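For reference, start-v2.pdb (PDB, C-alpha atoms, pLDDT in the B column):
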```
ATOM      1  CA  MET P   1      11.676 207.200  70.280  1.00 91.00           C
ATOM      2  CA  TYR P   2       8.976 209.661  69.226  1.00 92.00           C
ATOM      3  CA  ALA P   3       8.907 213.461  69.214  1.00 85.00           C
ATOM      4  CA  ALA P   4       5.252 214.232  69.863  1.00 85.00           C
ATOM      5  CA  GLN P   5       6.318 217.862  70.151  1.00 83.00           C
ATOM      6  CA  GLY P   6       9.631 219.661  69.695  1.00 81.00           C
ATOM      7  CA  VAL P   7      12.847 218.360  68.133  1.00 85.00           C
ATOM      8  CA  LEU P   8      15.163 215.541  69.184  1.00 88.00           C
ATOM      9  CA  SER P   9      18.693 214.810  68.058  1.00 88.00           C
ATOM     10  CA  VAL P  10      19.712 211.169  68.444  1.00 91.00           C
ATOM     11  CA  HIS P  11      23.405 210.292  68.216  1.00 89.00           C
ATOM     12  CA  THR P  12      24.733 206.826  67.365  1.00 88.00           C
ATOM     13  CA  GLU P  13      27.960 205.511  65.859  1.00 84.00           C
ATOM     14  CA  ARG P  14      26.321 205.998  62.448  1.00 82.00           C
ATOM     15  CA  GLY P  15      25.839 209.745  62.971  1.00 83.00           C
ATOM     16  CA  THR P  16      23.120 212.103  64.148  1.00 86.00           C
ATOM     17  CA  SER P  17      19.441 211.609  63.413  1.00 85.00           C
ATOM     18  CA  ILE P  18      17.330 214.754  63.317  1.00 82.00           C
ATOM     19  CA  VAL P  19      13.879 213.995  64.709  1.00 86.00           C
ATOM     20  CA  PRO P  20      11.324 216.810  64.319  1.00 84.00           C
ATOM     21  CA  ALA P  21       7.822 216.534  65.721  1.00 81.00           C
ATOM     22  CA  ASN P  22       5.764 213.612  64.440  1.00 82.00           C
ATOM     23  CA  ARG P  23       8.787 211.549  63.424  1.00 88.00           C
ATOM     24  CA  VAL P  24       9.833 208.227  64.903  1.00 92.00           C
ATOM     25  CA  ALA P  25      13.493 207.467  65.556  1.00 92.00           C
ATOM     26  CA  TRP P  26      14.188 203.741  65.548  1.00 94.00           C
ATOM     27  CA  ILE P  27      17.336 202.568  67.379  1.00 93.00           C
ATOM     28  CA  PRO P  28      18.113 198.819  67.209  1.00 93.00           C
ATOM     29  CA  ALA P  29      19.151 197.191  70.467  1.00 90.00           C
ATOM     30  CA  GLU P  30      22.845 196.800  69.600  1.00 88.00           C
ATOM     31  CA  PHE P  31      23.400 200.512  68.900  1.00 91.00           C
ATOM     32  CA  THR P  32      24.672 202.651  71.759  1.00 91.00           C
ATOM     33  CA  HIS P  33      23.074 206.067  71.588  1.00 91.00           C
ATOM     34  CA  TYR P  34      22.334 209.275  73.417  1.00 90.00           C
ATOM     35  CA  HIS P  35      19.785 211.942  72.680  1.00 91.00           C
ATOM     36  CA  ARG P  36      19.062 215.605  73.312  1.00 88.00           C
ATOM     37  CA  ALA P  37      15.803 217.548  73.307  1.00 87.00           C
ATOM     38  CA  HIS P  38      15.589 221.017  71.770  1.00 82.00           C
ATOM     39  CA  GLY P  39      12.915 223.529  72.700  1.00 76.00           C
ATOM     40  CA  GLN P  40       9.741 222.434  74.481  1.00 80.00           C
ATOM     41  CA  THR P  41       9.778 218.740  73.711  1.00 83.00           C
ATOM     42  CA  ASP P  42       7.417 215.897  74.513  1.00 88.00           C
ATOM     43  CA  MET P  43       9.464 212.727  74.028  1.00 89.00           C
ATOM     44  CA  ARG P  44       7.906 209.269  74.116  1.00 92.00           C
ATOM     45  CA  ILE P  45       9.910 206.026  74.242  1.00 92.00           C
ATOM     46  CA  GLU P  46       8.583 202.561  73.485  1.00 93.00           C
ATOM     47  CA  PHE P  47      10.616 199.334  73.568  1.00 93.00           C
ATOM     48  CA  LEU P  48       9.873 196.515  71.147  1.00 94.00           C
ATOM     49  CA  PRO P  49      10.344 192.826  71.936  1.00 93.00           C
ATOM     50  CA  ALA P  50      12.869 190.982  69.769  1.00 93.00           C
ATOM     51  CA  SER P  51      10.083 189.200  67.859  1.00 93.00           C
ATOM     52  CA  LEU P  52       8.800 192.553  66.567  1.00 94.00           C
ATOM     53  CA  ALA P  53      12.118 194.425  66.420  1.00 93.00           C
ATOM     54  CA  ARG P  54      13.357 192.049  63.715  1.00 92.00           C
ATOM     55  CA  LEU P  55      10.601 193.364  61.429  1.00 91.00           C
ATOM     56  CA  VAL P  56      12.039 196.899  61.567  1.00 91.00           C
ATOM     57  CA  PRO P  57      15.338 197.881  59.840  1.00 90.00           C
ATOM     58  CA  GLY P  58      18.543 196.700  61.478  1.00 91.00           C
ATOM     59  CA  HIS P  59      20.038 200.194  61.436  1.00 90.00           C
ATOM     60  CA  PRO P  60      19.076 203.535  63.024  1.00 90.00           C
ATOM     61  CA  ALA P  61      16.376 205.241  60.980  1.00 90.00           C
ATOM     62  CA  VAL P  62      13.808 208.031  61.105  1.00 90.00           C
ATOM     63  CA  PHE P  63      10.244 207.558  59.872  1.00 91.00           C
ATOM     64  CA  LEU P  64       7.338 209.925  59.355  1.00 87.00           C
ATOM     65  CA  ALA P  65       4.632 208.790  61.764  1.00 89.00           C
ATOM     66  CA  SER P  66       1.292 208.050  60.152  1.00 92.00           C
ATOM     67  CA  ASP P  67      -1.831 209.105  62.023  1.00 93.00           C
ATOM     68  CA  LEU P  68      -2.319 205.517  63.165  1.00 95.00           C
ATOM     69  CA  ALA P  69       1.313 205.134  64.273  1.00 94.00           C
ATOM     70  CA  ARG P  70       1.055 208.399  66.200  1.00 93.00           C
ATOM     71  CA  GLU P  71      -2.080 207.287  68.042  1.00 93.00           C
ATOM     72  CA  ALA P  72      -0.564 203.880  68.813  1.00 93.00           C
ATOM     73  CA  LEU P  73       2.566 205.518  70.245  1.00 93.00           C
ATOM     74  CA  LEU P  74       0.634 208.042  72.304  1.00 92.00           C
ATOM     75  CA  THR P  75      -1.571 205.265  73.652  1.00 91.00           C
ATOM     76  CA  LEU P  76       1.374 202.972  74.451  1.00 91.00           C
ATOM     77  CA  THR P  77       3.138 205.766  76.330  1.00 89.00           C
ATOM     78  CA  GLY P  78       0.077 207.433  77.855  1.00 82.00           C
ATOM     79  CA  PRO P  79      -1.234 207.439  81.437  1.00 75.00           C
ATOM     80  CA  ARG P  80      -3.167 204.166  81.103  1.00 69.00           C
ATOM     81  CA  ASN P  81       0.183 202.375  81.126  1.00 69.00           C
ATOM     82  CA  TYR P  82       1.366 203.653  84.513  1.00 64.00           C
ATOM     83  CA  ASP P  83      -1.593 205.299  86.267  1.00 65.00           C
ATOM     84  CA  ARG P  84      -3.837 202.692  87.878  1.00 64.00           C
ATOM     85  CA  ASP P  85      -6.584 205.266  88.291  1.00 65.00           C
ATOM     86  CA  ALA P  86      -6.739 205.598  84.486  1.00 61.00           C
ATOM     87  CA  GLY P  87      -7.367 201.867  83.999  1.00 64.00           C
ATOM     88  CA  LEU P  88      -4.295 199.912  82.891  1.00 70.00           C
ATOM     89  CA  TYR P  89      -4.059 198.191  79.514  1.00 74.00           C
ATOM     90  CA  ASP P  90      -3.452 194.483  79.831  1.00 83.00           C
ATOM     91  CA  ARG P  91      -0.460 192.759  78.254  1.00 84.00           C
ATOM     92  CA  ALA P  92      -2.427 191.430  75.296  1.00 89.00           C
ATOM     93  CA  ALA P  93      -3.786 194.873  74.422  1.00 87.00           C
ATOM     94  CA  ARG P  94      -0.296 196.389  74.521  1.00 89.00           C
ATOM     95  CA  GLY P  95       0.983 193.587  72.300  1.00 92.00           C
ATOM     96  CA  ARG P  96      -1.703 194.298  69.707  1.00 93.00           C
ATOM     97  CA  LEU P  97      -0.878 198.008  69.723  1.00 93.00           C
ATOM     98  CA  ARG P  98       2.823 197.252  69.242  1.00 94.00           C
ATOM     99  CA  ARG P  99       2.037 195.070  66.248  1.00 96.00           C
ATOM    100  CA  VAL P 100      -0.024 197.893  64.735  1.00 96.00           C
ATOM    101  CA  LEU P 101       2.906 200.270  65.286  1.00 96.00           C
ATOM    102  CA  VAL P 102       5.394 197.905  63.650  1.00 95.00           C
ATOM    103  CA  ASP P 103       3.070 197.368  60.682  1.00 95.00           C
ATOM    104  CA  GLU P 104       2.864 201.144  60.191  1.00 95.00           C
ATOM    105  CA  LEU P 105       6.652 201.581  60.432  1.00 93.00           C
ATOM    106  CA  HIS P 106       7.151 198.706  58.009  1.00 90.00           C
ATOM    107  CA  GLU P 107       5.048 200.567  55.437  1.00 90.00           C
ATOM    108  CA  ALA P 108       6.628 203.973  56.103  1.00 89.00           C
ATOM    109  CA  HIS P 109       9.492 205.411  54.078  1.00 83.00           C
ATOM    110  CA  GLU P 110      12.713 206.323  55.845  1.00 85.00           C
ATOM    111  CA  GLN P 111      13.211 210.078  56.131  1.00 82.00           C
ATOM    112  CA  PRO P 112      16.456 211.731  54.886  1.00 76.00           C
ATOM    113  CA  LEU P 113      17.160 213.077  58.360  1.00 79.00           C
ATOM    114  CA  GLN P 114      20.307 211.123  59.174  1.00 79.00           C
ATOM    115  CA  LEU P 115      23.418 213.265  59.372  1.00 81.00           C
ATOM    116  CA  PRO P 116      26.169 210.669  58.931  1.00 82.00           C
ATOM    117  CA  GLU P 117      29.411 210.947  60.867  1.00 84.00           C
ATOM    118  CA  PRO P 118      32.610 210.921  58.764  1.00 90.00           C
ATOM    119  CA  HIS P 119      35.580 208.792  59.808  1.00 90.00           C
ATOM    120  CA  ASP P 120      38.419 210.483  57.965  1.00 94.00           C
ATOM    121  CA  ASP P 121      40.283 212.966  60.204  1.00 95.00           C
ATOM    122  CA  ARG P 122      40.133 215.696  57.572  1.00 96.00           C
ATOM    123  CA  LEU P 123      36.389 215.355  57.103  1.00 95.00           C
ATOM    124  CA  GLN P 124      35.910 215.329  60.861  1.00 93.00           C
ATOM    125  CA  ALA P 125      37.831 218.595  61.116  1.00 95.00           C
ATOM    126  CA  ILE P 126      35.615 220.183  58.457  1.00 95.00           C
ATOM    127  CA  ALA P 127      32.503 218.809  60.139  1.00 92.00           C
ATOM    128  CA  GLN P 128      33.545 220.464  63.404  1.00 92.00           C
ATOM    129  CA  MET P 129      33.972 223.807  61.617  1.00 93.00           C
ATOM    130  CA  LEU P 130      30.515 223.545  60.080  1.00 92.00           C
ATOM    131  CA  TYR P 131      28.892 222.437  63.333  1.00 89.00           C
ATOM    132  CA  GLU P 132      30.311 225.517  65.052  1.00 91.00           C
ATOM    133  CA  THR P 133      29.498 227.958  62.233  1.00 93.00           C
ATOM    134  CA  PRO P 134      26.719 226.564  60.005  1.00 93.00           C
ATOM    135  CA  ALA P 135      26.453 229.907  58.197  1.00 94.00           C
ATOM    136  CA  ASP P 136      30.016 229.554  56.879  1.00 93.00           C
ATOM    137  CA  ASN P 137      29.875 229.549  53.058  1.00 93.00           C
ATOM    138  CA  THR P 138      33.554 228.773  52.532  1.00 94.00           C
ATOM    139  CA  ALA P 139      34.107 226.660  49.420  1.00 95.00           C
ATOM    140  CA  LEU P 140      35.294 223.077  49.772  1.00 96.00           C
ATOM    141  CA  ALA P 141      38.631 223.915  48.135  1.00 96.00           C
ATOM    142  CA  GLU P 142      39.415 226.534  50.786  1.00 96.00           C
ATOM    143  CA  LEU P 143      38.278 224.246  53.586  1.00 96.00           C
ATOM    144  CA  GLY P 144      40.562 221.623  52.106  1.00 96.00           C
ATOM    145  CA  GLN P 145      43.517 223.973  52.362  1.00 96.00           C
ATOM    146  CA  ARG P 146      42.861 224.310  56.078  1.00 95.00           C
ATOM    147  CA  VAL P 147      42.927 220.540  56.634  1.00 96.00           C
ATOM    148  CA  GLY P 148      45.560 219.598  54.055  1.00 96.00           C
ATOM    149  CA  ALA P 149      43.495 217.944  51.318  1.00 95.00           C
ATOM    150  CA  SER P 150      42.312 218.898  47.850  1.00 96.00           C
ATOM    151  CA  ALA P 151      38.663 219.456  47.011  1.00 96.00           C
ATOM    152  CA  ARG P 152      38.808 216.379  44.753  1.00 96.00           C
ATOM    153  CA  THR P 153      40.119 214.203  47.583  1.00 97.00           C
ATOM    154  CA  LEU P 154      37.497 215.471  49.996  1.00 96.00           C
ATOM    155  CA  SER P 155      34.705 214.984  47.455  1.00 96.00           C
ATOM    156  CA  ARG P 156      35.828 211.395  46.897  1.00 96.00           C
ATOM    157  CA  LEU P 157      35.943 210.749  50.647  1.00 96.00           C
ATOM    158  CA  LEU P 158      32.445 212.188  51.078  1.00 95.00           C
ATOM    159  CA  ARG P 159      31.052 209.939  48.337  1.00 94.00           C
ATOM    160  CA  ASN P 160      32.834 206.845  49.659  1.00 94.00           C
ATOM    161  CA  GLU P 161      32.115 207.379  53.374  1.00 91.00           C
ATOM    162  CA  LEU P 162      28.753 209.138  53.394  1.00 89.00           C
ATOM    163  CA  GLY P 163      27.302 208.721  49.913  1.00 89.00           C
ATOM    164  CA  LEU P 164      26.791 212.479  49.712  1.00 90.00           C
ATOM    165  CA  THR P 165      28.169 215.464  47.861  1.00 94.00           C
ATOM    166  CA  PHE P 166      29.584 218.322  49.904  1.00 95.00           C
ATOM    167  CA  TYR P 167      26.533 220.429  49.050  1.00 93.00           C
ATOM    168  CA  GLU P 168      24.143 217.684  50.244  1.00 91.00           C
ATOM    169  CA  TRP P 169      26.132 217.118  53.429  1.00 91.00           C
ATOM    170  CA  ARG P 170      26.293 220.801  54.330  1.00 93.00           C
ATOM    171  CA  THR P 171      22.599 221.275  53.524  1.00 93.00           C
ATOM    172  CA  GLN P 172      21.588 218.439  55.864  1.00 89.00           C
ATOM    173  CA  LEU P 173      23.801 219.849  58.603  1.00 91.00           C
ATOM    174  CA  ARG P 174      22.210 223.280  58.158  1.00 93.00           C
ATOM    175  CA  ILE P 175      18.699 221.837  58.269  1.00 91.00           C
ATOM    176  CA  TYR P 176      19.623 220.174  61.571  1.00 87.00           C
ATOM    177  CA  HIS P 177      20.615 223.560  63.000  1.00 90.00           C
ATOM    178  CA  ALA P 178      17.524 225.176  61.485  1.00 92.00           C
ATOM    179  CA  LEU P 179      15.226 222.720  63.259  1.00 87.00           C
ATOM    180  CA  VAL P 180      16.907 223.487  66.570  1.00 85.00           C
ATOM    181  CA  LEU P 181      16.547 227.254  66.061  1.00 89.00           C
ATOM    182  CA  LEU P 182      12.905 226.931  65.006  1.00 87.00           C
ATOM    183  CA  ALA P 183      12.232 224.844  68.114  1.00 82.00           C
ATOM    184  CA  ASP P 184      13.734 227.675  70.167  1.00 82.00           C
ATOM    185  CA  GLY P 185      11.190 230.097  68.673  1.00 83.00           C
ATOM    186  CA  HIS P 186      13.246 231.968  66.056  1.00 90.00           C
ATOM    187  CA  ASP P 187      11.510 233.150  62.890  1.00 91.00           C
ATOM    188  CA  THR P 188      12.233 231.989  59.354  1.00 94.00           C
ATOM    189  CA  THR P 189      14.309 235.009  58.330  1.00 95.00           C
ATOM    190  CA  HIS P 190      16.587 234.766  61.347  1.00 95.00           C
ATOM    191  CA  VAL P 191      17.049 231.024  60.893  1.00 95.00           C
ATOM    192  CA  ALA P 192      17.784 231.368  57.165  1.00 96.00           C
ATOM    193  CA  HIS P 193      20.642 233.813  57.745  1.00 95.00           C
ATOM    194  CA  ALA P 194      21.935 232.020  60.847  1.00 96.00           C
ATOM    195  CA  CYS P 195      22.257 228.797  58.861  1.00 95.00           C
ATOM    196  CA  GLY P 196      23.950 230.239  55.785  1.00 95.00           C
ATOM    197  CA  TRP P 197      21.198 230.863  53.249  1.00 96.00           C
ATOM    198  CA  ALA P 198      21.399 234.133  51.322  1.00 92.00           C
ATOM    199  CA  ASN P 199      17.662 234.725  51.615  1.00 94.00           C
ATOM    200  CA  PRO P 200      14.598 233.154  53.246  1.00 95.00           C
ATOM    201  CA  SER P 201      13.226 231.892  49.919  1.00 96.00           C
ATOM    202  CA  SER P 202      16.170 229.581  49.226  1.00 95.00           C
ATOM    203  CA  PHE P 203      16.026 228.348  52.824  1.00 96.00           C
ATOM    204  CA  ILE P 204      12.307 227.590  52.537  1.00 96.00           C
ATOM    205  CA  VAL P 205      12.895 225.528  49.380  1.00 95.00           C
ATOM    206  CA  ALA P 206      15.724 223.504  50.955  1.00 94.00           C
ATOM    207  CA  PHE P 207      13.792 222.980  54.198  1.00 93.00           C
ATOM    208  CA  THR P 208      10.622 221.882  52.399  1.00 92.00           C
ATOM    209  CA  ASN P 209      12.546 219.430  50.192  1.00 90.00           C
ATOM    210  CA  ILE P 210      13.908 217.622  53.249  1.00 86.00           C
ATOM    211  CA  ILE P 211      11.246 218.080  55.937  1.00 84.00           C
ATOM    212  CA  GLY P 212       8.167 218.056  53.701  1.00 82.00           C
ATOM    213  CA  THR P 213       6.677 221.326  54.918  1.00 86.00           C
ATOM    214  CA  THR P 214       7.720 224.970  55.101  1.00 91.00           C
ATOM    215  CA  PRO P 215       9.605 226.318  58.133  1.00 91.00           C
ATOM    216  CA  GLY P 216       6.635 228.559  59.008  1.00 86.00           C
ATOM    217  CA  ARG P 217       4.131 225.707  58.959  1.00 84.00           C
ATOM    218  CA  HIS P 218       6.530 223.486  60.866  1.00 80.00           C
ATOM    219  CA  ARG P 219       6.957 226.128  63.593  1.00 74.00           C
ATOM    220  CA  THR P 220       3.225 226.906  63.741  1.00 69.00           C
ATOM    221  CA  GLY P 221       2.358 223.228  63.983  1.00 61.00           C
ATOM    222  CA  HIS P 222       4.863 222.845  66.807  1.00 53.00           C
ATOM    223  CA  GLN P 223       3.287 225.740  68.710  1.00 48.00           C
ATOM    224  CA  ARG P 224      -0.349 224.647  68.230  1.00 44.00           C
ATOM    225  CA  ARG P 225      -0.057 220.895  68.630  1.00 46.00           C
ATOM    226  CA  THR P 226      -1.804 219.583  71.702  1.00 42.00           C
ATOM    227  CA  ILE P 227      -0.641 216.335  73.249  1.00 45.00           C
ATOM    228  CA  PRO P 228      -2.886 213.914  75.158  1.00 47.00           C
TER     229      PRO P 228
END
```

When written as structure tokens, how does the structure in this file appear?
Amino acid sequence: MYAAQGVLSVHTERGTSIVPANRVAWIPAEFTHYHRAHGQTDMRIEFLPASLARLVPGHPAVFLASDLAREALLTLTGPRNYDRDAGLYDRAARGRLRRVLVDELHEAHEQPLQLPEPHDDRLQAIAQMLYETPADNTALAELGQRVGASARTLSRLLRNELGLTFYEWRTQLRIYHALVLLADGHDTTHVAHACGWANPSSFIVAFTNIIGTTPGRHRTGHQRRTIP
């Protein structure tokens, strides 16, 4: 699944993958999933045969698409695959393009865009609060009082279940919301405050650390990108 433009959220039993433009979401065959598009989105889907799928990770993942992977995906999902007037690719040509795509994904690094889903009831309750109000800056200790657990217990559960600190978990959740708001056309200052950052500068740093570019450049690239 590829976001040529816009932002996708892909939900599996492992959690939510945030898929901004020019990222590839890989979902293995045995994982039930559903997805949602945010903003003006151009979504492309390509299925891999089992012989190639085994070369990609056996878990849901998000990859940054290289230029070659992007072109392979756009070609595999473009009009020449369903419009006879455009001249159809034959089966062998499609197979070669798929192998190129898999080679590129094999070399790519997984992106830290997976928002894992907690299993503990208390963590789930906190997650629901933060989903509904991502700007909430309530400390973990106070959130723990609301769900009947100490900050130490919740921190231990987060490490054991998700491999994250509370700060890391909340930051990833906020970046997810930020991507959705940016896709809807909101500016950096609005998004920073709506997602709980005290000022745009701290938001820009956190966003760049995870996404690899500033919110402004991400939004501008989304607006200017042209899709074949």

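Evaluated against the shown file, the PyMOL selection byres ((chain P and resi 36-42) around 10) gives Tyr2, Ala3, Ala4, Gln5, Gly6, Val7, Leu8, Ser9, Val10, His11, Val19, Pro20, Ala21, Tyr34, His35, Met43, Arg44, Leu179, Val180, Leu181, Leu182, Ala183, Asp184, Gly185, His222, Gln223 and Ile227 of chain P.
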
Exercise for the section: Within 12 Å of P:Asp103, counting all atoms listed in the file, which residues show up once you throw out same-chain ones fewer than 2 positions away? Write them as a list in words, please. Expected result: Leu52, Ala53, Arg54, Leu55, Val56, Ala65, Ser66, Leu68, Ala69, Ala72, Arg96, Leu97, Arg98, Arg99, Val100, Leu101, Leu105, His106, Glu107 and Ala108 of chain P

Practice task
Show which residues sit within 6 Å of stretch 202-204 of chain P, as a ChimeraX atom specification. Count all atoms listed in the file, and ignore same-chain residues fewer than 5 positions away.
Solution key: /P:192,197,214

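What the PyMOL selection byres ((chain P and resi 136) around 10) matches in the given file is Met129, Leu130, Tyr131, Glu132, Thr133, Pro134, Ala135, Asn137, Thr138, Ala139, Arg170, Ala194, Cys195, Gly196 and Trp197 of chain P.
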
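Put simply, atom CA of P:Leu157 is 24.4 Å away from atom CA of P:Phe31.
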
For the PyMOL selection byres ((chain P and resi 172) around 9), applied here, can you spell out every residue it catches as a PDB file with C-alpha atoms, in the frame of the given file?
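Result written to expr_9.pdb:
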```
ATOM      1  CA  PRO P 112      16.456 211.731  54.886  1.00 76.00           C
ATOM      2  CA  LEU P 113      17.160 213.077  58.360  1.00 79.00           C
ATOM      3  CA  GLN P 114      20.307 211.123  59.174  1.00 79.00           C
ATOM      4  CA  LEU P 115      23.418 213.265  59.372  1.00 81.00           C
ATOM      5  CA  TYR P 167      26.533 220.429  49.050  1.00 93.00           C
ATOM      6  CA  GLU P 168      24.143 217.684  50.244  1.00 91.00           C
ATOM      7  CA  TRP P 169      26.132 217.118  53.429  1.00 91.00           C
ATOM      8  CA  ARG P 170      26.293 220.801  54.330  1.00 93.00           C
ATOM      9  CA  THR P 171      22.599 221.275  53.524  1.00 93.00           C
ATOM     10  CA  LEU P 173      23.801 219.849  58.603  1.00 91.00           C
ATOM     11  CA  ARG P 174      22.210 223.280  58.158  1.00 93.00           C
ATOM     12  CA  ILE P 175      18.699 221.837  58.269  1.00 91.00           C
ATOM     13  CA  TYR P 176      19.623 220.174  61.571  1.00 87.00           C
ATOM     14  CA  HIS P 177      20.615 223.560  63.000  1.00 90.00           C
ATOM     15  CA  ILE P 210      13.908 217.622  53.249  1.00 86.00           C
TER      16      ILE P 210
END
```

Axis-aligned box over every listed atom of stretch 173-181 of chain P, padded by 4 Å per side: centre and edges in Å to one decimal, as JSON?
```
{"center_x": 19.5, "center_y": 223.6, "center_z": 62.4, "size_x": 16.6, "size_y": 15.4, "size_z": 16.4}
```

Practice task
Write out as a list in words the residues lying within 10 Å of P:Ala151, counting only C-alpha atoms and excluding same-chain residues fewer than 5 positions away.
Solution key: Ala139, Leu140, Ala141, Glu142, Leu143, Gly144, Gln145, Arg156, Leu157 and Phe166 of chain P

Fill in the blank from the handout: re atom CA of P:Val24 and atom CA of P:Leu64: distance 6.3 Å

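Taking atom CA of P:Arg23 as the reference point, atom CA of P:Thr208 is found at 15.2 Å.
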
Handout entry: Given only C-alpha atoms as the counted atoms, nearest of P:Leu76, P:Gly95, P:Pro118, P:Ala29 to P:Arg159
Key = P:Pro118

Practice task
May I have the residues within 7 Å of P:Pro28 as number ranges by chain, using only C-alpha atoms and disregarding those fewer than 5 positions away in the same chain?
Solution key: P: 58-60
